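Trainee: Below is the file data-v4.txt, with compact mmCIF, C-alpha atoms and all ligand atoms.
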```txt
# COMPACT_ATOMS: atom_id res chain seq x y z
CA MET B 589 -5.01 12.80 -23.42
CA ASN B 590 -1.34 11.98 -23.73
CA SER B 591 -0.68 8.49 -22.41
CA TRP B 592 3.12 8.40 -22.54
CA TYR B 593 5.99 10.54 -21.31
CA CYS B 594 9.70 9.80 -21.52
CA ALA B 595 12.78 11.77 -20.46
CA PRO B 596 15.70 9.38 -20.95
CA GLY B 597 18.29 11.64 -19.25
CA SER B 598 16.53 11.30 -15.89
CA ARG B 599 18.29 8.17 -14.83
CA GLU B 600 21.70 9.85 -14.86
CA ARG B 601 20.57 12.13 -12.05
CA THR B 602 21.12 11.74 -8.31
CA VAL B 603 18.57 12.45 -5.57
CA ASP B 604 19.09 12.37 -1.81
CA ARG B 605 17.82 9.34 0.01
CA SER B 606 15.90 9.62 3.28
CA ALA B 607 17.96 8.70 6.30
CA GLY B 608 15.45 7.05 8.66
CA ASP B 609 15.87 3.52 9.93
CA ALA B 610 12.49 2.09 8.96
CA PHE B 611 14.04 -1.19 7.81
CA ALA B 612 15.30 -2.05 11.29
CA PHE B 613 11.93 -1.06 12.80
CA HIS B 614 10.01 -3.28 10.36
CA GLY B 615 12.13 -6.21 11.45
CA THR B 616 10.75 -5.80 14.98
CA LEU B 617 7.09 -6.05 13.90
CA PRO B 618 5.33 -9.36 14.56
CA GLY B 619 5.17 -11.42 11.37
CA TYR B 620 7.72 -9.38 9.41
CA ALA B 621 9.34 -11.27 6.54
CA PRO B 622 10.53 -10.05 3.14
CA THR B 623 7.81 -10.54 0.52
CA PRO B 624 8.68 -12.79 -2.45
CA LEU B 625 10.35 -11.56 -5.64
CA VAL B 626 8.94 -14.03 -8.16
CA PRO B 627 10.69 -14.74 -11.49
CA VAL B 628 8.14 -15.07 -14.30
CA PRO B 629 9.95 -16.44 -17.38
CA ALA B 630 6.73 -16.47 -19.45
CA LEU B 631 6.52 -12.68 -19.13
CA ALA B 632 10.22 -12.26 -19.95
CA ALA B 633 9.61 -14.23 -23.15
CA GLU B 634 6.47 -12.24 -23.96
CA LEU B 635 8.19 -8.88 -23.42
CA GLY B 636 11.48 -9.85 -25.06
CA VAL B 637 13.72 -9.16 -22.05
CA GLY B 638 16.11 -11.27 -19.95
CA ASP B 639 14.13 -11.50 -16.71
CA VAL B 640 10.84 -10.29 -15.34
CA LEU B 641 10.54 -10.41 -11.56
CA VAL B 642 7.38 -9.54 -9.68
CA LYS B 643 7.62 -8.15 -6.15
CA ASP B 644 4.54 -9.75 -4.63
CA GLU B 645 3.10 -7.62 -1.82
CA SER B 646 -0.04 -9.72 -1.36
CA THR B 647 1.07 -10.99 2.04
CA ARG B 648 2.84 -7.96 3.51
CA LEU B 649 2.72 -8.13 7.33
CA GLY B 650 -0.57 -10.01 7.29
CA LEU B 651 -2.25 -7.40 5.08
CA SER B 652 -2.76 -7.62 1.34
CA ALA B 653 -0.78 -4.54 0.26
CA PHE B 654 2.59 -2.82 0.69
CA LYS B 655 1.05 0.27 2.31
CA VAL B 656 1.62 -0.90 5.88
CA LEU B 657 5.37 -0.38 5.38
CA GLY B 658 4.81 3.38 5.26
CA ALA B 659 1.91 3.54 7.68
CA SER B 660 3.69 1.52 10.37
CA TRP B 661 6.83 3.64 10.40
CA ALA B 662 4.87 6.92 10.24
CA CYS B 663 2.47 5.88 13.03
CA ARG B 664 5.39 4.85 15.19
CA GLN B 665 7.18 8.18 14.64
CA VAL B 666 4.00 10.22 15.20
CA LEU B 667 3.15 8.39 18.42
CA GLU B 668 6.68 8.76 19.69
CA GLN B 669 6.29 12.53 19.37
CA ARG B 670 2.63 12.66 20.46
CA PRO B 671 1.87 9.58 22.58
CA GLY B 672 -1.76 8.51 22.88
CA SER B 673 -3.01 10.58 19.91
CA THR B 674 -6.00 9.47 17.86
CA LEU B 675 -4.68 8.67 14.39
CA VAL B 676 -6.61 10.30 11.55
CA THR B 677 -6.24 9.60 7.84
CA ALA B 678 -7.97 9.55 4.45
CA THR B 679 -7.67 6.61 2.10
CA ASP B 680 -8.85 4.91 -1.01
CA GLY B 681 -8.37 1.60 0.80
CA ASN B 682 -5.02 0.12 1.63
CA HIS B 683 -3.41 2.99 3.55
CA GLY B 684 -6.45 3.42 5.82
CA ARG B 685 -6.54 -0.26 6.62
CA ALA B 686 -2.84 -0.18 7.45
CA VAL B 687 -3.23 2.88 9.72
CA ALA B 688 -6.17 1.17 11.44
CA ARG B 689 -4.05 -1.95 11.97
CA MET B 690 -1.19 0.08 13.43
CA ALA B 691 -3.51 2.07 15.70
CA ALA B 692 -4.70 -1.22 17.16
CA HIS B 693 -1.08 -2.38 17.46
CA PHE B 694 -0.10 0.76 19.39
CA GLY B 695 -3.35 0.81 21.41
CA VAL B 696 -4.80 4.11 20.12
CA GLU B 697 -7.95 5.05 18.17
CA ALA B 698 -8.12 5.51 14.39
CA ILE B 699 -10.59 7.59 12.36
CA VAL B 700 -10.47 6.98 8.61
CA PHE B 701 -12.13 9.21 5.97
CA VAL B 702 -13.04 7.47 2.71
CA PRO B 703 -14.36 8.72 -0.66
CA GLU B 704 -17.95 8.02 -1.61
CA VAL B 705 -16.94 5.64 -4.45
CA MET B 706 -15.25 3.23 -2.05
CA LEU B 707 -16.64 -0.30 -2.31
CA PRO B 708 -18.55 -1.35 0.86
CA GLU B 709 -16.30 -4.40 1.31
CA THR B 710 -13.20 -2.16 1.26
CA ALA B 711 -14.70 0.11 3.94
CA ALA B 712 -15.70 -2.97 5.94
CA ARG B 713 -12.11 -4.25 5.95
CA ILE B 714 -10.97 -0.94 7.48
CA ALA B 715 -13.72 -1.04 10.10
CA GLU B 716 -12.79 -4.65 10.96
CA GLU B 717 -9.38 -3.39 12.07
CA GLY B 718 -11.22 -1.39 14.75
CA ALA B 719 -11.24 2.05 13.07
CA THR B 720 -14.16 4.45 12.78
CA VAL B 721 -14.85 4.92 9.05
CA VAL B 722 -16.31 8.25 7.85
CA ARG B 723 -17.64 8.28 4.28
CA VAL B 724 -17.20 11.68 2.59
CA ALA B 725 -19.42 13.07 -0.18
CA GLY B 726 -16.65 13.51 -2.72
CA ASP B 727 -13.49 11.98 -4.15
CA TYR B 728 -10.17 10.98 -2.58
CA ASP B 729 -8.81 14.54 -2.63
CA THR B 730 -11.93 15.73 -0.80
CA ALA B 731 -11.48 12.98 1.79
CA VAL B 732 -7.88 14.10 2.36
CA ARG B 733 -9.01 17.69 3.00
CA ARG B 734 -11.73 16.52 5.39
CA ALA B 735 -9.28 14.36 7.33
CA ALA B 736 -6.77 17.22 7.57
CA ASP B 737 -9.44 19.64 8.84
CA PHE B 738 -10.73 17.08 11.33
CA ALA B 739 -7.26 16.28 12.66
CA GLY B 740 -6.36 19.96 12.94
CA ALA B 741 -9.41 20.74 15.07
CA GLN B 742 -8.14 19.03 18.27
CA PRO B 743 -4.61 18.75 19.67
CA ASP B 744 -5.02 15.06 20.56
CA ARG B 745 -5.60 14.08 16.91
CA ALA B 746 -2.67 13.34 14.60
CA LEU B 747 -2.96 13.17 10.82
CA VAL B 748 -1.07 10.27 9.23
CA GLN B 749 -1.45 11.03 5.54
CA ASP B 750 0.49 9.40 2.71
CA THR B 751 0.65 12.50 0.55
CA ALA B 752 2.33 15.85 1.15
CA TRP B 753 1.21 19.43 0.60
CA ASP B 754 2.75 22.77 1.52
CA GLY B 755 3.24 22.75 5.29
CA TYR B 756 2.54 19.00 5.65
CA GLU B 757 5.75 17.20 4.79
CA GLN B 758 7.16 15.35 7.80
CA VAL B 759 4.67 12.47 7.99
CA PRO B 760 4.72 11.78 4.23
CA ALA B 761 8.53 11.75 4.42
CA TRP B 762 8.35 9.02 7.08
CA ILE B 763 5.92 7.12 4.88
CA VAL B 764 8.35 7.28 1.96
CA GLU B 765 11.13 6.05 4.28
CA GLY B 766 8.91 3.13 5.23
CA TYR B 767 8.33 2.17 1.59
CA GLN B 768 12.08 1.90 1.04
CA THR B 769 12.11 -1.37 2.98
CA LEU B 770 10.49 -2.99 -0.06
CA LEU B 771 13.37 -1.80 -2.25
CA VAL B 772 16.05 -2.88 0.21
CA GLU B 773 14.47 -6.35 0.03
CA VAL B 774 14.39 -6.29 -3.79
CA ASP B 775 18.11 -5.47 -3.91
CA ALA B 776 18.90 -8.42 -1.64
CA GLN B 777 16.70 -10.71 -3.75
CA LEU B 778 18.00 -9.76 -7.21
CA GLU B 779 20.88 -11.71 -8.73
CA ARG B 780 21.55 -9.00 -11.35
CA PRO B 781 20.69 -5.31 -10.86
CA ALA B 782 17.39 -4.07 -12.27
CA ASP B 783 17.32 -2.21 -15.59
CA LEU B 784 13.68 -1.13 -15.35
CA VAL B 785 11.46 -0.80 -12.28
CA ALA B 786 7.73 -0.28 -12.91
CA VAL B 787 5.81 1.46 -10.12
CA PRO B 788 2.05 1.88 -9.70
CA VAL B 789 1.33 5.52 -8.94
CA GLY B 790 -1.46 7.25 -7.06
CA VAL B 791 -0.09 10.42 -5.40
CA GLY B 792 3.49 9.37 -6.23
CA SER B 793 4.88 8.63 -2.74
CA LEU B 794 5.88 5.06 -3.60
CA ALA B 795 7.46 6.29 -6.84
CA GLU B 796 9.29 8.93 -4.78
CA ALA B 797 10.71 6.12 -2.63
CA VAL B 798 11.79 4.23 -5.75
CA VAL B 799 13.51 7.25 -7.30
CA ARG B 800 15.20 8.18 -4.01
CA HIS B 801 16.41 4.60 -3.59
CA TYR B 802 17.77 4.03 -7.10
CA ARG B 803 19.12 7.54 -7.66
CA ARG B 804 20.86 7.76 -4.30
CA PRO B 805 24.38 9.19 -4.29
CA GLY B 806 27.00 6.53 -4.79
CA TYR B 807 24.66 3.94 -6.36
CA ALA B 808 26.09 3.34 -9.79
CA HIS B 809 23.48 1.22 -11.52
CA HIS B 810 20.55 3.51 -12.24
CA PRO B 811 17.53 1.54 -13.51
CA ARG B 812 14.86 3.26 -15.56
CA VAL B 813 11.83 4.10 -13.40
CA LEU B 814 8.45 3.78 -15.11
CA SER B 815 5.39 5.35 -13.46
CA VAL B 816 2.09 3.60 -14.21
CA GLU B 817 -1.30 5.26 -13.60
CA PRO B 818 -4.95 4.72 -14.55
CA ASP B 819 -5.87 6.70 -17.67
CA THR B 820 -8.63 8.31 -15.59
CA ALA B 821 -6.26 9.55 -12.84
CA ALA B 822 -2.91 10.21 -14.49
CA CYS B 823 -1.80 13.23 -12.47
CA VAL B 824 1.91 12.36 -12.55
CA LEU B 825 1.89 11.80 -16.30
CA ALA B 826 0.07 15.11 -16.79
CA SER B 827 2.48 16.89 -14.45
CA LEU B 828 5.63 15.47 -16.06
CA THR B 829 4.28 16.37 -19.50
CA ALA B 830 3.47 19.96 -18.43
CA ASP B 831 6.62 20.21 -16.28
CA ARG B 832 4.58 21.53 -13.34
CA PRO B 833 2.13 19.89 -10.91
CA VAL B 834 -1.19 19.43 -12.70
CA ARG B 835 -4.35 18.41 -10.87
CA VAL B 836 -6.63 16.11 -12.89
CA SER B 837 -10.25 15.24 -12.21
CA THR B 838 -10.77 11.53 -11.58
CA ALA B 839 -13.46 8.92 -12.26
CA ALA B 840 -14.16 5.45 -10.90
CA THR B 841 -11.47 2.90 -11.80
CA VAL B 842 -10.75 -0.70 -10.86
CA MET B 843 -7.30 0.56 -9.83
CA ALA B 844 -8.77 2.06 -6.64
CA GLY B 845 -5.41 2.54 -4.93
CA LEU B 846 -4.20 4.68 -7.83
CA ASN B 847 -7.30 6.87 -8.05
CA CYS B 848 -5.68 10.18 -7.07
CA GLY B 849 -5.84 13.46 -8.95
CA THR B 850 -3.08 15.43 -7.20
CA VAL B 851 0.61 14.56 -7.01
CA SER B 852 2.22 14.79 -3.56
CA THR B 853 4.22 18.05 -3.30
CA SER B 854 7.16 16.11 -1.84
CA ALA B 855 7.06 13.51 -4.59
CA TRP B 856 6.79 16.02 -7.42
CA PRO B 857 10.34 17.48 -7.44
CA VAL B 858 11.81 14.01 -6.99
CA LEU B 859 9.79 12.50 -9.85
CA ARG B 860 10.48 15.48 -12.06
CA GLN B 861 14.16 14.95 -11.43
CA GLY B 862 14.49 11.19 -11.63
CA CYS B 863 11.48 9.45 -13.19
CA ASP B 864 12.33 8.31 -16.74
CA ALA B 865 8.93 7.52 -18.12
CA ALA B 866 5.22 7.53 -17.32
CA VAL B 867 2.38 5.66 -18.91
CA ALA B 868 -1.40 5.53 -18.42
CA VAL B 869 -3.34 2.27 -18.68
CA SER B 870 -7.04 1.42 -18.98
CA ASP B 871 -9.15 -0.65 -16.61
CA ASP B 872 -9.35 -3.40 -19.25
CA GLU B 873 -5.56 -3.55 -19.53
CA ALA B 874 -5.21 -3.71 -15.74
CA LEU B 875 -7.83 -6.47 -15.43
CA ARG B 876 -6.14 -8.51 -18.13
CA ALA B 877 -2.88 -8.17 -16.18
CA VAL B 878 -4.66 -9.33 -13.00
CA ASP B 879 -5.85 -12.47 -14.82
CA ASP B 880 -2.50 -13.14 -16.47
CA LEU B 881 -0.55 -12.79 -13.22
CA GLY B 882 -3.11 -14.98 -11.46
CA GLN B 883 -2.63 -17.69 -14.06
CA LEU B 884 1.12 -17.39 -13.63
CA GLY B 885 0.73 -17.96 -9.89
CA VAL B 886 0.95 -14.37 -8.56
CA SER B 887 -2.01 -12.93 -6.66
CA SER B 888 -2.22 -9.32 -7.83
CA GLY B 889 -5.07 -6.81 -7.61
CA PRO B 890 -5.68 -4.17 -10.30
CA SER B 891 -3.55 -1.47 -8.64
CA GLY B 892 -0.63 -3.90 -8.38
CA ALA B 893 -1.05 -5.58 -11.76
CA ALA B 894 -1.16 -2.14 -13.39
CA THR B 895 2.63 -2.36 -13.62
CA LEU B 896 2.39 -5.34 -15.96
CA ALA B 897 -0.13 -3.44 -18.07
CA GLY B 898 2.18 -0.41 -18.07
CA VAL B 899 5.28 -2.37 -19.06
CA ARG B 900 3.31 -3.98 -21.88
CA ALA B 901 2.16 -0.56 -23.08
CA ALA B 902 5.76 0.68 -22.93
CA LEU B 903 7.68 -2.26 -24.40
CA ASN B 904 5.25 -3.43 -27.09
CA ASP B 905 5.53 -0.06 -28.81
CA VAL B 906 8.70 0.28 -30.86
CA ALA B 907 9.15 4.03 -30.34
CA ARG B 908 8.63 3.78 -26.59
CA ARG B 909 10.92 0.78 -26.28
CA THR B 910 13.61 2.57 -28.23
CA ALA B 911 13.25 5.64 -26.02
CA LEU B 912 13.74 3.46 -22.95
CA ASP B 913 16.85 1.90 -24.54
CA LEU B 914 16.41 -1.53 -22.94
CA ASP B 915 18.37 -4.46 -24.32
CA ASP B 916 17.13 -8.04 -24.81
CA ASP B 917 18.83 -9.20 -21.65
CA ALA B 918 17.28 -6.52 -19.42
CA VAL B 919 16.09 -7.22 -15.88
CA VAL B 920 12.58 -5.83 -15.37
CA VAL B 921 11.04 -5.54 -11.90
CA LEU B 922 7.27 -5.11 -11.56
CA LEU B 923 6.08 -3.85 -8.20
CA SER B 924 2.83 -5.70 -7.60
CA THR B 925 1.72 -3.69 -4.63
CA GLU B 926 -1.47 -5.52 -3.63
CA GLY B 927 -2.93 -9.00 -3.75
CA ASN B 928 -6.11 -9.93 -5.56
CA THR B 929 -8.74 -9.69 -2.84
CA ARG B 930 -11.74 -10.17 -5.13
C1 LIG C 1001 -2.00 -1.08 -3.98
C2 LIG C 1001 -1.43 0.26 -4.19
N1 LIG C 1001 -0.45 0.41 -5.10
C3 LIG C 1001 0.10 1.61 -5.33
C4 LIG C 1001 -0.33 2.74 -4.67
C5 LIG C 1001 0.28 4.06 -5.04
O1 LIG C 1001 1.01 4.68 -4.07
P1 LIG C 1001 1.16 6.28 -4.08
O2 LIG C 1001 -0.19 6.83 -3.76
O3 LIG C 1001 2.18 6.52 -3.07
O4 LIG C 1001 1.57 6.69 -5.46
C6 LIG C 1001 -1.34 2.63 -3.70
C7 LIG C 1001 -1.77 3.81 -2.94
O5 LIG C 1001 -2.67 3.77 -2.13
C8 LIG C 1001 -1.91 1.35 -3.46
O6 LIG C 1001 -2.89 1.19 -2.55
```
Would you write out, as structure tokens, the structure that this file holds?

Mentor:
Amino acid sequence: MNSWYCAPGSRERTVDRSAGDAFAFHGTLPGYAPTPLVPVPALAAELGVGDVLVKDESTRLGLSAFKVLGASWACRQVLEQRPGSTLVTATDGNHGRAVARMAAHFGVEAIVFVPEVMLPETAARIAEEGATVVRVAGDYDTAVRRAADFAGAQPDRALVQDTAWDGYEQVPAWIVEGYQTLLVEVDAQLERPADLVAVPVGVGSLAEAVVRHYRRPGYAHHPRVLSVEPDTAACVLASLTADRPVRVSTAATVMAGLNCGTVSTSAWPVLRQGCDAAVAVSDDEALRAVDDLGQLGVSSGPSGAATLAGVRAALNDVARRTALDLDDDAVVVLLSTEGNTR
């Protein structure tokens, strides 16, 4: 399979940014604080760029991943429209835990569908938040369909899913708005604007937020956006290469949060428009990145550290580096979207 895609013209384009005020809402949540943006000079030296900064999401709002930014804003919006609803979702880990946490925060029930490959400790962490966990015989995509059917069967159930499909777009749009808080923080933390932002990609909603943020009208400095996926679940890479949404079959990977075979229908046109490059990485490469970041003082799980593996795969290859057109002084931002919980 192809493990690299690059369309250098993408960063000249402009994409509308979502309008919602998730950032102000996040500031009202107990324990909100911007997560650190950590300079890692050793990685800058290794990669031959000016600065490497790692956005460390390992402590986001008392959870160990960025996902609660989207889940919190979407749950709040859903419950404002449909107070008292039971919140239903499917997850490969972090999103379900975040929805469960927010259900408890807002005093409603949560029912979370999980794929059969989910590690027992991951399912236990969701249950500990007070949610009912339903294990589905099948993969993540199957769990999403089960959750949607279950939610649709009763009017007092509301689906809070972090991926869009035809006819289900409003909640994923709120989730993308929620993710933009992370990027607003990065902008305030950077001394020089980013030249490359590496994003770990499952269904592509976080990458959609990144593209919408950095390609927004009126924002002059357009960094390259690099999508990073497991080589066993590279649906965005396959879709960009084919220039149409391509569903891929998936297999177990240590990058559990990225183990998705279908790109979000809302993310797809945005990524097609404004994502410069996509790369697929192996489990071994992701695990090496986990270790390396750990030794450099950043707690990062495989789905988060995938961005380091992806940037290595992109910049250590002369043809890829040339296609990205990065100079030696470039500012590279790695989104490390989860802490190392193992
Ligand atoms: C830790 C982590 N990073 C990245 C992602 C990818 O986000 P998306 O599915 O929006 O592409 C996920 C998704 O669950 C995740 O849990």

Trainee: Please, which residues have at least one atom within 6 Å of an atom of ligand LIG 1001 (chain C), using all atoms listed in the file, listed as a list in words?

Mentor: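 Using all atoms listed in the file, I find these residues within 6 Å of ligand LIG 1001 (chain C): Ala653, Asn682, His683, Pro788, Val789, Gly790, Val791, Gly792, Ser793, Leu794, Gly845, Leu846, Ser891, Gly892, Thr925 and Glu926 of chain B.
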
Trainee: Determine the axis-aligned bounding box of all atoms of stretch 879-885 of chain B present in the file, pad each side by 5 Å, and express its centre and edge lengths in Å to one decimal place as AutoDock Vina command-line options.

Mentor:
```
--center_x -2.4 --center_y -15.2 --center_z -13.2 --size_x 17.0 --size_y 15.5 --size_z 16.6
```

Trainee: What is the atom CA of B:Asp880 to atom CA of B:Asp639 distance in Å?

Mentor: 16.7 Å

Trainee: Can you tell me, as a PyMOL selection string, what residues are no more than 10 Å from B:Gly885 when counting only C-alpha atoms, ignoring any on the same chain fewer than 6 positions away?

Mentor: chain B and resi 626+628+879

Trainee: Using C-alpha atoms, can you export the residues from the last selection as a short mmCIF file (atom, residue, chain, number, x, y, z; two decimals), keeping the file's coordinate frame?

Mentor:
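Wrote it out as selection-v9.cif, contents follow:
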```cif
data_model
loop_
_atom_site.label_atom_id
_atom_site.label_comp_id
_atom_site.auth_asym_id
_atom_site.auth_seq_id
_atom_site.Cartn_x
_atom_site.Cartn_y
_atom_site.Cartn_z
CA VAL B 626 8.94 -14.03 -8.16
CA VAL B 628 8.14 -15.07 -14.30
CA ASP B 879 -5.85 -12.47 -14.82
#
```

Trainee: Choose the residue, out of B:Pro703, B:Gly650, B:Pro818, B:Gly638, that has the smallest atom-to-atom separation from B:Ala621; count all atoms listed in the file.

Mentor: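 Smallest distance to B:Ala621 is found for B:Gly650.
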
Trainee: Kindly write all heavy atoms of stretch 800-809 of chain B from the structure just given to a file, as a compact mmCIF listing (two decimals), in the first residue's frame.

Mentor:
```txt
# COMPACT_ATOMS: atom_id res chain seq x y z
N ARG B 800 -9.30 23.63 9.29
CA ARG B 800 -10.20 24.79 9.39
C ARG B 800 -9.51 25.95 10.12
O ARG B 800 -9.67 27.11 9.77
CB ARG B 800 -11.48 24.43 10.12
CG ARG B 800 -12.46 23.62 9.30
CD ARG B 800 -13.81 23.54 10.00
NE ARG B 800 -14.70 22.63 9.32
CZ ARG B 800 -15.42 22.92 8.23
NH1 ARG B 800 -15.32 24.12 7.69
NH2 ARG B 800 -16.21 22.02 7.69
N HIS B 801 -8.75 25.61 11.16
CA HIS B 801 -8.10 26.66 11.95
C HIS B 801 -7.00 27.37 11.14
O HIS B 801 -6.96 28.60 11.09
CB HIS B 801 -7.50 26.03 13.21
CG HIS B 801 -6.88 27.01 14.13
ND1 HIS B 801 -7.61 27.79 14.99
CD2 HIS B 801 -5.58 27.39 14.30
CE1 HIS B 801 -6.80 28.59 15.66
NE2 HIS B 801 -5.56 28.36 15.26
N TYR B 802 -6.14 26.59 10.51
CA TYR B 802 -4.97 27.20 9.86
C TYR B 802 -5.24 27.65 8.42
O TYR B 802 -4.40 28.32 7.83
CB TYR B 802 -3.77 26.26 9.92
CG TYR B 802 -3.21 26.18 11.32
CD1 TYR B 802 -3.29 25.01 12.05
CD2 TYR B 802 -2.64 27.30 11.91
CE1 TYR B 802 -2.80 24.94 13.35
CE2 TYR B 802 -2.15 27.25 13.20
CZ TYR B 802 -2.23 26.08 13.92
OH TYR B 802 -1.76 26.03 15.20
N ARG B 803 -6.39 27.28 7.88
CA ARG B 803 -6.72 27.75 6.53
C ARG B 803 -7.86 28.76 6.58
O ARG B 803 -8.51 29.01 5.58
CB ARG B 803 -7.15 26.57 5.64
CG ARG B 803 -6.18 25.42 5.56
CD ARG B 803 -5.04 25.70 4.59
NE ARG B 803 -4.15 24.55 4.52
CZ ARG B 803 -3.03 24.41 5.23
NH1 ARG B 803 -2.67 25.37 6.08
NH2 ARG B 803 -2.27 23.34 5.10
N ARG B 804 -8.12 29.30 7.77
CA ARG B 804 -9.27 30.19 7.90
C ARG B 804 -9.02 31.48 7.11
O ARG B 804 -7.87 31.92 6.97
CB ARG B 804 -9.55 30.51 9.37
CG ARG B 804 -8.47 31.29 10.09
CD ARG B 804 -8.76 31.38 11.58
NE ARG B 804 -7.81 32.19 12.31
CZ ARG B 804 -6.69 31.72 12.88
NH1 ARG B 804 -6.36 30.44 12.76
NH2 ARG B 804 -5.90 32.53 13.56
N PRO B 805 -10.11 32.08 6.61
CA PRO B 805 -9.96 33.31 5.84
C PRO B 805 -9.25 34.38 6.68
O PRO B 805 -9.55 34.54 7.85
CB PRO B 805 -11.40 33.72 5.53
CG PRO B 805 -12.20 32.46 5.67
CD PRO B 805 -11.51 31.64 6.72
N GLY B 806 -8.32 35.05 6.07
CA GLY B 806 -7.65 36.15 6.76
C GLY B 806 -6.42 35.73 7.54
O GLY B 806 -5.68 36.57 8.04
N TYR B 807 -6.16 34.43 7.68
CA TYR B 807 -4.96 33.99 8.39
C TYR B 807 -3.85 33.77 7.37
O TYR B 807 -3.94 32.88 6.52
CB TYR B 807 -5.26 32.71 9.17
CG TYR B 807 -4.09 32.21 10.00
CD1 TYR B 807 -3.70 32.88 11.15
CD2 TYR B 807 -3.36 31.09 9.62
CE1 TYR B 807 -2.63 32.45 11.90
CE2 TYR B 807 -2.28 30.64 10.36
CZ TYR B 807 -1.92 31.33 11.51
OH TYR B 807 -0.86 30.89 12.24
N ALA B 808 -2.83 34.58 7.44
CA ALA B 808 -1.86 34.62 6.35
C ALA B 808 -0.88 33.47 6.36
O ALA B 808 -0.49 32.95 5.32
CB ALA B 808 -1.11 35.94 6.41
N HIS B 809 -0.45 33.06 7.56
CA HIS B 809 0.63 32.08 7.62
C HIS B 809 0.06 30.67 7.60
O HIS B 809 -0.44 30.18 8.61
CB HIS B 809 1.45 32.31 8.90
CG HIS B 809 2.73 31.55 8.89
ND1 HIS B 809 3.90 32.06 8.41
CD2 HIS B 809 3.01 30.28 9.27
CE1 HIS B 809 4.85 31.15 8.50
NE2 HIS B 809 4.34 30.06 9.03
```
